[in-house]
Amino acid sequence: MSYLLIVMGVTAFVVLLFVNVPYGRHTSSTFGFPIRARVAWFIQELPALLVPLWLLLFSSPGRIAYLPNQVLIAMYLCHYVHRTLIYPFLIRGGKPTPFIPFALAFVFCTYNGYLQTRHLSHFAVFPRDWITSPCFIIGFILWLAGMIINVHSDQVLRNLRKPGETGYRIPRGGLFEYVSGANFTGEILEWTGFAIAAWSLESAAFAVFTFLVLSSRASQHHRYFQFLLFYYYHTYLNFTCLLSGTNLVIDI
């Protein structure tokens, strides 16, 4: 299952080289009928929470009695409690999500939720002192930093526009001062830390998938920001030249 997850990530990465992710400002009716943003986020993320809970409650998880397994499962659930029960209801407006990306996200959350929780609750064996080992501590710190960056970046994006405002604004503040996709960077860092802390093929496959998919989305956003900056810069130059009565000449 882990290798299949990596294959899914590589496939998505290749496809996204040629097709824009139909989310947010890039949404398109080509990818199916629209679903309200809040509803789509809640339903597509829900399996990542329900599947682990079902495994923990009804599948006799033999490894759940051990502290390292408990902490790692809690780290995983912490992210998806926020993503499922908090984040969707904080969305302000938001453009609808087409059905195809919604369905793919639903399948991923189901598949990965089963993969990560099944491994940690039934098979993963750690040394007794694992949570005090350098590997776990480094991974946990990266996971926590990534989650904080991710949550803060989402807040920055939500506050870009005041109620009633339209149009698009380039986000500022936090990690957005250094990268154009701070929210994606935070989530990549989060699951990389989780993979280091769990030190397994399953968690590594999750981290690889996250990097491949979100780095593609971040690259797409960065190109969009470059377009905006180019457009507004040359609009300003044209306006300045119009006021001064000179002609704008651009060497390419």
# chains A, B, ... in the order shown; residues from 1 in each chain; ligands from 1

$ residues_around --residues "Phe209 (chain A)" --least-positions-apart "2" --cutoff "7 Å" --atoms "only C-alpha atoms" --output "JSON list (two decimals) with C-alpha atoms, in the first residue's frame"
[["chain", "number", "residue", "atom", "x", "y", "z"],
["A", 5, "LEU", "CA", 0.77, 5.77, -2.41],
["A", 6, "ILE", "CA", 4.15, 6.83, -3.81],
["A", 9, "GLY", "CA", 2.04, 10.90, -5.79],
["A", 205, "ALA", "CA", 5.25, 7.35, 1.57],
["A", 206, "PHE", "CA", 2.83, 9.89, 3.05],
["A", 207, "ALA", "CA", 5.57, 12.53, 3.22],
["A", 211, "PHE", "CA", 5.73, 16.83, -1.17],
["A", 212, "LEU", "CA", 4.98, 15.82, -4.75],
["A", 213, "VAL", "CA", 1.40, 17.10, -4.75]]

$ residues_around --residues "His122 (chain A)" --least-positions-apart "2" --cutoff "6 Å" --atoms "only C-alpha atoms" --output "JSON, numbers by chain"
{"A": [61, 62, 63, 118, 119, 120]}

$ closest_residue --among "A:Phe33, A:Pro98, A:Ala12, A:Phe106" --to "Leu50 (chain A)" --atoms "only C-alpha atoms"
A:Phe106

$ closest_residue --among "A:Ser121, A:Ser2, A:Thr97, A:Asn150" --to "Val208 (chain A)" --atoms "only C-alpha atoms"
A:Ser2

$ closest_residue --among "A:Thr210, A:Thr192, A:Asn183, A:Gln44" --to "Pro101 (chain A)" --atoms "only C-alpha atoms"
A:Gln44

$ atom_distance --atom1 "CA of Ser60 (chain A)" --atom2 "CA of Gly139 (chain A)"
27.7 Å

$ select_by_dssp --residues "region 42-96 of chain A" --states "alpha helix (DSSP H)" --output "MDAnalysis selection string"
chainID A and resid 42:45 47:58 67:81

$ write_last_selection --atoms "N, CA, C and O atoms" --output "short mmCIF file (atom, residue, chain, number, x, y, z; two decimals), in the first residue's frame"
data_model
loop_
_atom_site.label_atom_id
_atom_site.label_comp_id
_atom_site.auth_asym_id
_atom_site.auth_seq_id
_atom_site.Cartn_x
_atom_site.Cartn_y
_atom_site.Cartn_z
N PHE A 42 -15.20 19.59 4.38
CA PHE A 42 -15.62 18.76 5.50
C PHE A 42 -15.76 17.29 5.09
O PHE A 42 -15.23 16.38 5.75
N ILE A 43 -16.45 17.02 3.98
CA ILE A 43 -16.70 15.64 3.57
C ILE A 43 -15.43 14.97 3.07
O ILE A 43 -15.17 13.80 3.40
N GLN A 44 -14.60 15.67 2.29
CA GLN A 44 -13.42 15.02 1.73
C GLN A 44 -12.38 14.69 2.80
O GLN A 44 -11.63 13.72 2.66
N GLU A 45 -12.33 15.49 3.87
CA GLU A 45 -11.37 15.23 4.94
C GLU A 45 -11.91 14.26 6.00
O GLU A 45 -11.13 13.69 6.77
N PRO A 47 -13.05 11.14 6.07
CA PRO A 47 -12.53 9.77 6.20
C PRO A 47 -11.18 9.68 6.91
O PRO A 47 -10.88 8.68 7.56
N ALA A 48 -10.36 10.74 6.80
CA ALA A 48 -9.06 10.74 7.47
C ALA A 48 -9.21 10.77 8.98
O ALA A 48 -8.25 10.48 9.71
N LEU A 49 -10.41 11.10 9.44
CA LEU A 49 -10.70 11.08 10.87
C LEU A 49 -11.51 9.86 11.27
O LEU A 49 -11.22 9.19 12.27
N LEU A 50 -12.52 9.51 10.47
CA LEU A 50 -13.41 8.40 10.82
C LEU A 50 -12.75 7.04 10.66
O LEU A 50 -12.96 6.14 11.50
N VAL A 51 -11.97 6.85 9.60
CA VAL A 51 -11.32 5.55 9.38
C VAL A 51 -10.36 5.22 10.53
O VAL A 51 -10.40 4.09 11.07
N PRO A 52 -9.47 6.14 10.96
CA PRO A 52 -8.63 5.83 12.11
C PRO A 52 -9.43 5.53 13.38
O PRO A 52 -9.09 4.61 14.12
N LEU A 53 -10.49 6.30 13.63
CA LEU A 53 -11.30 6.06 14.82
C LEU A 53 -11.95 4.68 14.75
O LEU A 53 -12.04 3.97 15.77
N TRP A 54 -12.42 4.28 13.59
CA TRP A 54 -13.02 2.95 13.42
C TRP A 54 -11.99 1.86 13.70
O TRP A 54 -12.27 0.88 14.40
N LEU A 55 -10.77 2.03 13.17
CA LEU A 55 -9.71 1.04 13.40
C LEU A 55 -9.36 0.94 14.88
O LEU A 55 -9.15 -0.16 15.41
N LEU A 56 -9.30 2.09 15.55
CA LEU A 56 -8.92 2.10 16.96
C LEU A 56 -10.00 1.50 17.85
O LEU A 56 -9.70 0.87 18.88
N LEU A 57 -11.26 1.65 17.46
CA LEU A 57 -12.36 1.20 18.31
C LEU A 57 -12.83 -0.22 18.03
O LEU A 57 -13.30 -0.91 18.95
N PHE A 58 -12.68 -0.68 16.78
CA PHE A 58 -13.34 -1.93 16.41
C PHE A 58 -12.42 -2.99 15.79
O PHE A 58 -12.91 -4.04 15.37
N LEU A 67 3.26 3.65 24.29
CA LEU A 67 3.29 5.11 24.27
C LEU A 67 3.72 5.70 22.93
O LEU A 67 3.08 6.64 22.44
N PRO A 68 4.81 5.23 22.28
CA PRO A 68 5.19 5.83 21.00
C PRO A 68 4.08 5.74 19.96
O PRO A 68 3.83 6.70 19.22
N ASN A 69 3.39 4.60 19.93
CA ASN A 69 2.28 4.43 18.98
C ASN A 69 1.15 5.40 19.30
O ASN A 69 0.55 6.00 18.40
N GLN A 70 0.85 5.57 20.58
CA GLN A 70 -0.21 6.49 20.99
C GLN A 70 0.12 7.93 20.59
O GLN A 70 -0.75 8.65 20.07
N VAL A 71 1.35 8.34 20.82
CA VAL A 71 1.74 9.72 20.51
C VAL A 71 1.68 9.97 19.00
O VAL A 71 1.18 11.01 18.55
N LEU A 72 2.18 9.04 18.21
CA LEU A 72 2.20 9.22 16.75
C LEU A 72 0.78 9.24 16.18
O LEU A 72 0.48 10.04 15.28
N ILE A 73 -0.09 8.38 16.69
CA ILE A 73 -1.48 8.40 16.24
C ILE A 73 -2.13 9.73 16.65
O ILE A 73 -2.90 10.33 15.87
N ALA A 74 -1.82 10.21 17.84
CA ALA A 74 -2.36 11.50 18.29
C ALA A 74 -1.88 12.64 17.40
O ALA A 74 -2.65 13.57 17.10
N MET A 75 -0.63 12.59 16.95
CA MET A 75 -0.11 13.61 16.04
C MET A 75 -0.89 13.61 14.73
O MET A 75 -1.26 14.67 14.20
N TYR A 76 -1.13 12.42 14.21
CA TYR A 76 -1.89 12.30 12.96
C TYR A 76 -3.31 12.83 13.15
O TYR A 76 -3.81 13.63 12.34
N LEU A 77 -3.97 12.40 14.22
CA LEU A 77 -5.36 12.81 14.46
C LEU A 77 -5.47 14.30 14.75
O LEU A 77 -6.47 14.94 14.38
N CYS A 78 -4.47 14.87 15.39
CA CYS A 78 -4.48 16.30 15.71
C CYS A 78 -4.64 17.13 14.44
O CYS A 78 -5.43 18.08 14.39
N HIS A 79 -3.90 16.77 13.41
CA HIS A 79 -3.99 17.49 12.14
C HIS A 79 -5.39 17.38 11.55
O HIS A 79 -5.99 18.38 11.12
N TYR A 80 -5.93 16.16 11.55
CA TYR A 80 -7.20 15.95 10.85
C TYR A 80 -8.41 16.36 11.68
O TYR A 80 -9.49 16.59 11.11
N VAL A 81 -8.29 16.46 12.99
CA VAL A 81 -9.36 17.09 13.77
C VAL A 81 -9.48 18.55 13.36
O VAL A 81 -10.59 19.07 13.15
#

$ residues_around --residues "Phe176 (chain A)" --least-positions-apart "4" --cutoff "10 Å" --atoms "only C-alpha atoms" --output "compact mmCIF listing (two decimals) with N, CA and C atoms, in the first residue's frame"
# COMPACT_ATOMS: atom_id res chain seq x y z
N ILE A 149 2.89 26.67 11.28
CA ILE A 149 3.00 27.46 10.04
C ILE A 149 1.76 27.28 9.18
N SER A 153 -0.73 30.30 8.36
CA SER A 153 -0.83 30.70 6.95
C SER A 153 -2.28 30.66 6.48
N VAL A 156 -3.81 33.84 7.65
CA VAL A 156 -3.41 34.97 6.81
C VAL A 156 -4.24 35.00 5.54
N LEU A 157 -4.43 33.84 4.92
CA LEU A 157 -5.20 33.76 3.67
C LEU A 157 -6.67 34.13 3.90
N ILE A 170 -2.11 39.56 -2.75
CA ILE A 170 -0.95 38.71 -2.47
C ILE A 170 -0.74 38.68 -0.96
N PRO A 171 -0.71 37.49 -0.34
CA PRO A 171 -0.60 37.41 1.12
C PRO A 171 0.74 37.90 1.64
N ARG A 172 0.70 38.51 2.82
CA ARG A 172 1.91 39.00 3.48
C ARG A 172 1.88 38.55 4.94
N SER A 180 5.96 31.95 -1.52
CA SER A 180 4.61 32.31 -1.96
C SER A 180 3.56 31.30 -1.53
N GLY A 181 3.98 30.09 -1.17
CA GLY A 181 3.05 29.05 -0.73
C GLY A 181 3.36 28.61 0.69
N ALA A 182 3.24 29.53 1.65
CA ALA A 182 3.60 29.22 3.03
C ALA A 182 2.74 28.11 3.61
N ASN A 183 1.46 28.08 3.25
CA ASN A 183 0.57 27.03 3.76
C ASN A 183 1.02 25.66 3.27
N THR A 185 4.13 24.90 2.29
CA THR A 185 5.43 24.64 2.93
C THR A 185 5.24 24.10 4.34

$ select_by_dssp --residues "region 21-138 of chain A" --states "strand (DSSP E or B)" --output "ChimeraX atom specification"
/A:34-35,97-98

$ atom_distance --atom1 "CA of Tyr178 (chain A)" --atom2 "CA of Phe140 (chain A)"
23.3 Å

$ closest_residue --among "A:Leu214, A:Arg128, A:Thr11, A:Gln116" --to "Ser200 (chain A)" --atoms "only C-alpha atoms"
A:Gln116

$ closest_residue --among "A:Leu189, A:Ile91, A:Ile131, A:Leu160" --to "Ala145 (chain A)" --atoms "only C-alpha atoms"
A:Leu189

$ closest_residue --among "A:Leu46, A:Ile138, A:Leu201, A:Val15" --to "Ile86 (chain A)" --atoms "only C-alpha atoms"
A:Leu46

$ residues_around --residues "Trp199 (chain A)" --least-positions-apart "4" --cutoff "9 Å" --atoms "only C-alpha atoms" --output "list in words"
Cys135, Phe136, Phe194, Ala195, Ser203 and Ala204 of chain A

$ atom_distance --atom1 "CA of Trp41 (chain A)" --atom2 "CA of Gly93 (chain A)"
12.5 Å

$ residues_around --residues "Phe99 (chain A)" --least-positions-apart "5" --cutoff "8 Å" --atoms "only C-alpha atoms" --output "PyMOL selection string"
chain A and resi 31-35

$ write_last_selection --atoms "C-alpha atoms" --output "compact mmCIF listing (two decimals), in the first residue's frame"
# COMPACT_ATOMS: atom_id res chain seq x y z
CA PHE A 31 -13.61 18.94 -13.63
CA GLY A 32 -17.21 18.29 -12.63
CA PHE A 33 -20.12 19.99 -10.95
CA PRO A 34 -19.28 22.44 -8.15
CA ILE A 35 -19.59 21.66 -4.44

$ decode --residues "region 26-50 of chain A" --atoms "N, CA, C and O atoms" --output "JSON list (two decimals), in the first residue's frame"
[["chain", "number", "residue", "atom", "x", "y", "z"],
["A", 26, "HIS", "N", -8.28, 28.77, -9.42],
["A", 26, "HIS", "CA", -8.07, 27.98, -10.63],
["A", 26, "HIS", "C", -9.22, 27.01, -10.89],
["A", 26, "HIS", "O", -9.13, 26.16, -11.76],
["A", 27, "THR", "N", -10.31, 27.14, -10.13],
["A", 27, "THR", "CA", -11.42, 26.20, -10.27],
["A", 27, "THR", "C", -12.02, 26.26, -11.67],
["A", 27, "THR", "O", -11.99, 27.31, -12.33],
["A", 28, "SER", "N", -12.56, 25.12, -12.12],
["A", 28, "SER", "CA", -13.08, 25.04, -13.48],
["A", 28, "SER", "C", -14.21, 24.01, -13.54],
["A", 28, "SER", "O", -14.13, 22.95, -12.90],
["A", 29, "SER", "N", -15.24, 24.31, -14.31],
["A", 29, "SER", "CA", -16.37, 23.38, -14.47],
["A", 29, "SER", "C", -15.97, 22.16, -15.30],
["A", 29, "SER", "O", -16.72, 21.18, -15.35],
["A", 30, "THR", "N", -14.80, 22.21, -15.92],
["A", 30, "THR", "CA", -14.31, 21.07, -16.70],
["A", 30, "THR", "C", -14.14, 19.84, -15.83],
["A", 30, "THR", "O", -14.24, 18.70, -16.30],
["A", 31, "PHE", "N", -13.91, 20.05, -14.53],
["A", 31, "PHE", "CA", -13.61, 18.94, -13.63],
["A", 31, "PHE", "C", -14.82, 18.52, -12.80],
["A", 31, "PHE", "O", -14.66, 17.94, -11.73],
["A", 32, "GLY", "N", -16.01, 18.77, -13.29],
["A", 32, "GLY", "CA", -17.21, 18.29, -12.63],
["A", 32, "GLY", "C", -18.03, 19.40, -12.00],
["A", 32, "GLY", "O", -17.62, 20.56, -11.96],
["A", 33, "PHE", "N", -19.20, 19.00, -11.53],
["A", 33, "PHE", "CA", -20.12, 19.99, -10.95],
["A", 33, "PHE", "C", -19.54, 20.54, -9.65],
["A", 33, "PHE", "O", -18.81, 19.85, -8.92],
["A", 34, "PRO", "N", -19.87, 21.79, -9.33],
["A", 34, "PRO", "CA", -19.28, 22.44, -8.15],
["A", 34, "PRO", "C", -19.94, 22.00, -6.85],
["A", 34, "PRO", "O", -21.13, 21.74, -6.79],
["A", 35, "ILE", "N", -19.12, 21.95, -5.79],
["A", 35, "ILE", "CA", -19.59, 21.66, -4.44],
["A", 35, "ILE", "C", -19.15, 22.81, -3.54],
["A", 35, "ILE", "O", -18.01, 23.26, -3.63],
["A", 36, "ARG", "N", -20.05, 23.28, -2.70],
["A", 36, "ARG", "CA", -19.71, 24.40, -1.82],
["A", 36, "ARG", "C", -18.43, 24.11, -1.05],
["A", 36, "ARG", "O", -18.20, 22.99, -0.59],
["A", 37, "ALA", "N", -17.58, 25.13, -0.91],
["A", 37, "ALA", "CA", -16.25, 24.95, -0.34],
["A", 37, "ALA", "C", -16.29, 24.31, 1.04],
["A", 37, "ALA", "O", -15.56, 23.36, 1.33],
["A", 38, "ARG", "N", -17.14, 24.81, 1.92],
["A", 38, "ARG", "CA", -17.21, 24.27, 3.28],
["A", 38, "ARG", "C", -17.63, 22.81, 3.28],
["A", 38, "ARG", "O", -17.06, 21.97, 3.99],
["A", 39, "VAL", "N", -18.66, 22.50, 2.49],
["A", 39, "VAL", "CA", -19.16, 21.13, 2.41],
["A", 39, "VAL", "C", -18.10, 20.20, 1.85],
["A", 39, "VAL", "O", -17.87, 19.09, 2.35],
["A", 40, "ALA", "N", -17.45, 20.64, 0.77],
["A", 40, "ALA", "CA", -16.43, 19.81, 0.13],
["A", 40, "ALA", "C", -15.28, 19.51, 1.09],
["A", 40, "ALA", "O", -14.85, 18.35, 1.22],
["A", 41, "TRP", "N", -14.76, 20.54, 1.76],
["A", 41, "TRP", "CA", -13.64, 20.33, 2.67],
["A", 41, "TRP", "C", -14.02, 19.39, 3.81],
["A", 41, "TRP", "O", -13.25, 18.50, 4.18],
["A", 42, "PHE", "N", -15.20, 19.59, 4.38],
["A", 42, "PHE", "CA", -15.62, 18.76, 5.50],
["A", 42, "PHE", "C", -15.76, 17.29, 5.09],
["A", 42, "PHE", "O", -15.23, 16.38, 5.75],
["A", 43, "ILE", "N", -16.45, 17.02, 3.98],
["A", 43, "ILE", "CA", -16.70, 15.64, 3.57],
["A", 43, "ILE", "C", -15.43, 14.97, 3.07],
["A", 43, "ILE", "O", -15.17, 13.80, 3.40],
["A", 44, "GLN", "N", -14.60, 15.67, 2.29],
["A", 44, "GLN", "CA", -13.42, 15.02, 1.73],
["A", 44, "GLN", "C", -12.38, 14.69, 2.80],
["A", 44, "GLN", "O", -11.63, 13.72, 2.66],
["A", 45, "GLU", "N", -12.33, 15.49, 3.87],
["A", 45, "GLU", "CA", -11.37, 15.23, 4.94],
["A", 45, "GLU", "C", -11.91, 14.26, 6.00],
["A", 45, "GLU", "O", -11.13, 13.69, 6.77],
["A", 46, "LEU", "N", -13.20, 14.08, 6.04],
["A", 46, "LEU", "CA", -13.82, 13.28, 7.09],
["A", 46, "LEU", "C", -13.29, 11.84, 7.19],
["A", 46, "LEU", "O", -13.09, 11.35, 8.31],
["A", 47, "PRO", "N", -13.05, 11.14, 6.07],
["A", 47, "PRO", "CA", -12.53, 9.77, 6.20],
["A", 47, "PRO", "C", -11.18, 9.68, 6.91],
["A", 47, "PRO", "O", -10.88, 8.68, 7.56],
["A", 48, "ALA", "N", -10.36, 10.74, 6.80],
["A", 48, "ALA", "CA", -9.06, 10.74, 7.47],
["A", 48, "ALA", "C", -9.21, 10.77, 8.98],
["A", 48, "ALA", "O", -8.25, 10.48, 9.71],
["A", 49, "LEU", "N", -10.41, 11.10, 9.44],
["A", 49, "LEU", "CA", -10.70, 11.08, 10.87],
["A", 49, "LEU", "C", -11.51, 9.86, 11.27],
["A", 49, "LEU", "O", -11.22, 9.19, 12.27],
["A", 50, "LEU", "N", -12.52, 9.51, 10.47],
["A", 50, "LEU", "CA", -13.41, 8.40, 10.82],
["A", 50, "LEU", "C", -12.75, 7.04, 10.66],
["A", 50, "LEU", "O", -12.96, 6.14, 11.50]]
